[in-house]
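A.B. asks: Please find one structure pasted underneath; my questions will follow.
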Amino acid sequence: MKRILLIAAVVALYALHQDFWFWRTAHPLVFGFVPIGLFYQACYSVAAALLLWLLVKFAWPSHLERELQGDSPDEEMPR
Amino acid sequence: MIPAIFVFLYLAIVLYIGIFAFRRAKGKEEAEDYFLASRSLGPFVFLFSLFGTNMTAFAILGSSGHAFSNGIVTFGLMASSSGLVIPLSLFFIGTRVWALGKRYGFMTPVQMFRDRWECGHIGTAIFVVQAVLLVPYIIIGIMGGGTTLNAISSGVVPYWFGGAIVAMVVMSYVFFGGMRGTAWVNTFQTVLFLLFGAVALIVIGVGMGGFRNAAQTMASSPALAPLLTRERISPLYFFSYTFIPLSAIAFPHILIFCLTARKMVQFKKTVIFYPLCILAIWLPCVFLGVMANRVTDVPQIKAKQEARRVLATQGKTMAPEARDELREKAASDDIIMLLLQRYAPLWLAGLLGAGIMAAVMASDSQILALSTMFTEDVFAFYGGKRRFGEKVQVQTGRIFIVLITMFAYAVALRAPETIFELAIQYAFSGYAALSPLLVAALFWRGSTKWGALATTIWVAVAVIAVAIFQHLVPAPAPGPATLVWSLGGAEVLTRTPGGTAVFGFMPVVPMVIVSAILMYVVSLLTRKPSETTIAKYFWK
C-alpha cells in the first residue's frame with residue numbers, strides 16, 4: 001500500500017508540472033510582484049523536495065547498503 | 001577593472017584548492033584515488049559538488065537571458081522539472097550505480113555496461129557516442145570564460161587571453177587535484193552560486209526601486225504582459241522539456257560523481273536538497289531576466305528589445321541571414337551582467353562577477369570525466385594498465401587532460417560560439433535518449449548487449465539527423481512554425497523558430513521513446529547474458 005501511494009505521489013507531481021490552469025494569466029501577482037505562474041512553479045520545487053523526503057523516509061533502498069556491509073567482493077573488477 | 005581583479009582573485013583561490021588537494025593526496029598514484037577521490041566524499045562536499053557539476057554557465061547567464069526573451073516560462077521549462085526528475089534519477093539510478101561501483105570497482109558507466117551485458121566493443125561504441133556528445137561542453141566552457149572575462153574587464157582582457165587563462169586554471173586544478181580537487185572547487189563554486197542569486201536579487205531590486213512597480217507596469221503593457229505568462233509556449237513543448245533532465249544521470253560526469261560518495265546515505269541529503277538548490281539559483285536569475293524588460297536607461301538592453309521587436313514584426317519578410325543577424329543582436333546571455341553594471345556598486349559587481357565565472361568554469365568535471373573514460377574504457381580495457389601499470393595509467397589521464405584542454409582552446413579560438421551552443425542542445429537530447437541504457441541495465445534482467453547497441457546507434461543517428469535537418473531548413477521568424485511534413489492532416493515534422501518539432505513535441509520525446517522501444521524489442525529477440533552475470537546485478 002505504501003509503495004502504491006508513493007508511486008501515485010510521484011506520478012501526480014509529474015503531472016502537476018503541466019499547470020495549464022495558470023497558462024495565460026499573470027494575476028494575481030503574489031506579494032504584489034511575482035506572477036502566479038512563476039509562484040506556482042517555485043512552490044512546485046518545494047513540493048519536489050518534500051516528495052523526495054518522503055521517498056527517502058519510506059522507500060530508501062537500504063537493501064543495497066545491507067548487502068555491501070560485510071560484503072567482500074570475490075569478483076575481479078571487469079576491465 | 002576592479003571587477004576583473006575580484007575575478008582573478010577567484011581564479012587564484014580555485015587554483016590553490018586544486019594544488020591543496022594534490023598535496024592532500026600525498027603522492028598517491030592510484031587510479032581510484034585520482035579519478036574518484038578514493039570514493040571518500042563526505043555529505044556536504046558530495047551534495048554541493050554534484051549540484052555544482054550539473055550547473056553550467058546556463059544556470060546564471062543563460063537562464064536570465066532566456067527569461068529576458070521568453071518570460072517566466074524559463075523556470076518551469078528548465079528548473080522545476082529538473083528539480084523533480086534529476087533527484088528522482090539520483091534516487092533510483094544513482095544509488096544503485098554507487099552500490100555496484102563499490103561492490104565491483106566500476107569507475108565509469110561503460111565499465112558497468114561491458115560487465116552487465118558481457119560485451120567489449122559495444123562498450124567502446126557507447127564510449128565514442130558519450131565522448132563526442134561531451135566535447136562541445138568543454139569547448140563552450142572555454143569560450144564562455146573568454147567572453148565573460150572580456151566583458152567583466154570592459155574589454156581590457158582580450159577574448160583569446162581570457163580563454164587561455166580560464167583553460168590554464170581549469171586544466172591545472174584538474175591535472176593536479178583530480179576528482180578531489182574538482183569536487184572541492186565545485187563545492188566552493190556552488191556556495192558562490194547560492195550567494196550570487198540572493199545578493200543579485202537584493203541589489204538589483206533596491207536599485208530598481210523595488211519590483212512591485214516594474215511587475216505591475218509589465219502586466220498592464222500589451223507588449224510585455226505575455227512575458228509574465230506562458231501563452232507564447234505550447235503545452236506540448238512545455239511537456240517535452242520534462243524529458244531533458246533525463247540527460248543528467250546519463251551524463252558520464254554525473255554518473256562518475258555518483259561513485260565518489262563515501263556512503264550511500266550521502267544521497268539522502270543530496271536528493272532532498274537538490275530541488276531547493278535549483279530554486280535558490282534559478283528563481284532569482286529568471287525573475288531578474290524578466291524584470292530587465294522594464295529597464296529603460298541601459299542602451300544595450302534597449303537595443304536587444306528593438307532587435308526582438310523588428311524580428312517579430314518584420315522577420316517573416318527577411319532573408320534567413322538577416323534574421324540570424326537580428327537574433328544575434330537580440331541574444332541576451334549578458335543581461336545579468338548589464339543589470340549588475342547598472343545597479344551594483346563596483347566592488348559588489350566584481351564579487352558577483354566571480355560568481356558568474358564560477359558558473360562559466362563548469363567544464364572541469366567534463367574534462368576529468370573524459371580523461372577517466374579514456375584511461376579506463378580505452379587505455380586500461382585494451383591492455384595499457386596491464387602492460388604499463390597503474391602509475392602510468394594516472395599519468396596518461398593527466399596527459400589526456402592537457403591535450404583535451406589544448407584542443408578545446410584551439411577550437412574555441414577559431415569556431416563560432418553558436419555552433420557549440422547548438423551542439424549542446426543536441427547533446428542534451430542525445431544523453432536523455434541514452435538514459436534507457438541505464439534503466440535497462442539496472443532494472444531489467446532481460447536486457448542484452450544488442451539492445452544496447454541498437455539504442456546507441458539510434459541516438460547517434462537521431463542527433464545527426466536533427467542537426468542536418470536544422471541546417472538544411474532555416475529557422476522561421478517568431479510566430480508559426482514552418483511545416484515540412486504532414487500526414488493525414490497531422491503535422492508530423494515542423495521547423496520552429498527555436499528548433500524542430502515532431503507531432504508538436506521536441507525531438508527529445510520521440511528520441512527517448514524510440515530508444516526505450518529499441519532496447520526492449522531487440523533485447524527480446526537476442527541472447528541474454530549468463531545467469532551468473534545477471535545474478536551479480538539482481539542479488540536481492
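We label chains A, B, ... in the order they appear in the C-alpha cells, count residues from 1 in each chain, and number ligands from 1 in the order shown.
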Give the residues of chain A that lie within 7 Å of chain B; count only C-alpha atoms, and format the answer as a CSV table (one decimal) with C-alpha atoms, in the first residue's frame.
C.D. replies:
chain,number,residue,atom,x,y,z
A,18,GLN,CA,1.8,20.9,-16.5
A,23,TRP,CA,-1.1,29.3,-18.6
A,24,ARG,CA,-2.5,32.6,-19.8
A,25,THR,CA,-2.6,34.8,-16.7
A,26,ALA,CA,-0.1,36.7,-14.7
A,32,GLY,CA,2.5,42.3,-5.5
A,33,PHE,CA,5.2,41.3,-8.0
A,35,PRO,CA,3.3,36.3,-11.4
A,37,GLY,CA,2.6,31.0,-12.8
A,38,LEU,CA,6.1,31.6,-11.5
A,41,GLN,CA,6.4,26.6,-10.2
A,42,ALA,CA,8.5,27.8,-7.2
A,44,TYR,CA,6.4,23.0,-7.2
A,45,SER,CA,10.1,22.9,-6.4
A,46,VAL,CA,9.4,22.9,-2.7
A,48,ALA,CA,9.5,18.1,-5.1
A,49,ALA,CA,11.8,18.4,-2.1
A,52,LEU,CA,12.0,13.3,-2.2
A,53,TRP,CA,12.0,13.5,1.6
A,56,VAL,CA,14.0,8.8,1.5
A,64,LEU,CA,21.8,-2.1,-1.3
A,65,GLU,CA,23.6,-0.9,1.8
A,68,LEU,CA,27.5,-4.2,1.0
A,73,PRO,CA,33.5,-9.0,-3.4
A,75,GLU,CA,34.6,-10.8,-8.4
A,77,MET,CA,36.8,-5.9,-11.4
A,78,PRO,CA,35.9,-6.2,-15.1
A,79,ARG,CA,38.3,-4.3,-17.3
A.B. asks: Using only C-alpha atoms, which of B:Ile401, B:Met506, B:Ala516, B:Leu326 sits nearest Asp364 in chain B?
C.D. replies: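 Smallest distance to Asp364 in chain B is found for B:Ile401.
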A.B. asks: Could you please determine the separation between CA of Phe58 in chain A and CA of Val439 in chain B in Å, to one decimal place?
C.D. replies: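 Going from CA of Phe58 in chain A over to CA of Val439 in chain B covers 21.7 Å.
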A.B. asks: Can you list, as an MDAnalysis selection string, every protein, DNA or RNA residue that comes within 7 Å of Val169 in chain B when you count only C-alpha atoms, leaving out same-chain residues fewer than 4 positions away?
C.D. replies: chainID B and resid 11 15 165 173
A.B. asks: For range 243-247 of chain B, list every protein, DNA or RNA residue within 8 Å, evaluated using only C-alpha atoms, and leave out those in the same chain fewer than 6 positions away; present the list as number ranges by chain.
C.D. replies: B: 81-82, 85-86, 89, 428-435, 508-509, 512
A.B. asks: To one decimal in Å, tell me the separation between CA of Trp458 in chain B and CA of Leu518 in chain B.
C.D. replies: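 CA of Leu518 in chain B lies at a distance of 8.4 Å from CA of Trp458 in chain B.
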A.B. asks: Apply DSSP to the backbone of this structure and, from range 462-499 of chain B, keep only the residues in helix (DSSP H, G or I); write these as a list of chain:residue names.
C.D. replies: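 Matching residues, listed in order: B:Ala462, B:Val463, B:Ile464, B:Ala465, B:Val466, B:Ala467, B:Ile468, B:Phe469, B:Gln470, B:His471, B:Leu472.
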A.B. asks: Could the residues in this selection be saved with C-alpha atoms as an mmCIF file, in the first residue's frame?
C.D. replies:
data_model
loop_
_atom_site.group_PDB
_atom_site.id
_atom_site.type_symbol
_atom_site.label_atom_id
_atom_site.label_comp_id
_atom_site.auth_asym_id
_atom_site.auth_seq_id
_atom_site.Cartn_x
_atom_site.Cartn_y
_atom_site.Cartn_z
ATOM 1 C CA ALA B 462 18.899 10.787 -34.454
ATOM 2 C CA VAL B 463 21.249 13.515 -33.186
ATOM 3 C CA ILE B 464 22.935 13.755 -36.608
ATOM 4 C CA ALA B 465 19.547 13.759 -38.387
ATOM 5 C CA VAL B 466 18.199 16.626 -36.263
ATOM 6 C CA ALA B 467 21.415 18.601 -36.820
ATOM 7 C CA ILE B 468 21.253 18.102 -40.613
ATOM 8 C CA PHE B 469 17.549 18.939 -40.703
ATOM 9 C CA GLN B 470 18.045 22.188 -38.790
ATOM 10 C CA HIS B 471 20.973 23.067 -41.048
ATOM 11 C CA LEU B 472 19.002 22.471 -44.253
#
A.B. asks: I want to know what sits within 10 Å of Trp444 in chain B, based on only C-alpha atoms, with residues of the same chain fewer than 5 positions away left out; could you give that as a list in words?
C.D. replies: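 Residues meeting the cut-off are Leu438, Val439, Tyr520, Ile534, Tyr537 and Phe538 of chain B.
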A.B. asks: Would you mind exporting the chosen residues as an mmCIF file, in the first residue's frame, restricted to N, CA and C atoms?
C.D. replies:
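The new file part.cif reads:
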data_model
loop_
_atom_site.group_PDB
_atom_site.id
_atom_site.type_symbol
_atom_site.label_atom_id
_atom_site.label_comp_id
_atom_site.auth_asym_id
_atom_site.auth_seq_id
_atom_site.Cartn_x
_atom_site.Cartn_y
_atom_site.Cartn_z
ATOM 1 N N LEU B 438 20.676 2.842 -18.992
ATOM 2 C CA LEU B 438 20.875 2.691 -17.546
ATOM 3 C C LEU B 438 19.696 1.964 -16.903
ATOM 4 N N VAL B 439 18.497 2.388 -17.298
ATOM 5 C CA VAL B 439 17.291 1.775 -16.715
ATOM 6 C C VAL B 439 17.276 0.278 -17.021
ATOM 7 N N TYR B 520 13.954 -2.601 -25.748
ATOM 8 C CA TYR B 520 13.028 -3.669 -25.370
ATOM 9 C C TYR B 520 12.916 -4.736 -26.463
ATOM 10 N N ILE B 534 23.857 -12.008 -14.602
ATOM 11 C CA ILE B 534 22.595 -11.388 -14.196
ATOM 12 C C ILE B 534 22.471 -11.400 -12.671
ATOM 13 N N TYR B 537 23.823 -8.515 -10.674
ATOM 14 C CA TYR B 537 23.115 -7.218 -10.708
ATOM 15 C C TYR B 537 21.756 -7.261 -10.021
ATOM 16 N N PHE B 538 21.240 -8.467 -9.834
ATOM 17 C CA PHE B 538 19.913 -8.581 -9.195
ATOM 18 C C PHE B 538 20.052 -9.519 -8.018
#
A.B. asks: From the set B:Cys258, B:Ala427, B:Met511, B:Met208, which residue has the shortest atom-to-atom contact distance to Arg342 in chain B, counting only C-alpha atoms?
C.D. replies: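 For Arg342 in chain B, the nearest of the candidates is B:Met208.
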A.B. asks: Need to verify the contact set: Ala37 in chain B, 7 Å, only C-alpha atoms, exclusion of same-chain residues closer than 3 positions in sequence. Can you return it as a VMD selection string?
C.D. replies: chain B and resid 32 to 34 40 179 to 180 260
A.B. asks: If you keep N, CA and C atoms, can you produce a file of those selected residues as a compact mmCIF listing (two decimals), in the first residue's frame?
C.D. replies:
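That gives us again_2.txt:
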# COMPACT_ATOMS: atom_id res chain seq x y z
N GLU B 32 42.00 4.95 -8.62
CA GLU B 32 40.77 5.20 -7.88
C GLU B 32 40.88 6.48 -7.05
N ASP B 33 42.06 6.77 -6.56
CA ASP B 33 42.23 7.99 -5.77
C ASP B 33 42.18 9.22 -6.68
N TYR B 34 42.88 9.16 -7.80
CA TYR B 34 42.92 10.33 -8.69
C TYR B 34 41.57 10.58 -9.38
N SER B 40 35.47 8.76 -1.40
CA SER B 40 35.52 9.16 0.01
C SER B 40 34.84 10.50 0.29
N MET B 179 39.88 14.18 -9.04
CA MET B 179 38.49 14.29 -8.57
C MET B 179 38.39 15.06 -7.25
N ARG B 180 39.38 14.88 -6.36
CA ARG B 180 39.29 15.56 -5.07
C ARG B 180 39.33 17.09 -5.29
N THR B 260 31.59 8.68 -6.14
CA THR B 260 32.58 9.26 -5.22
C THR B 260 32.09 9.33 -3.77
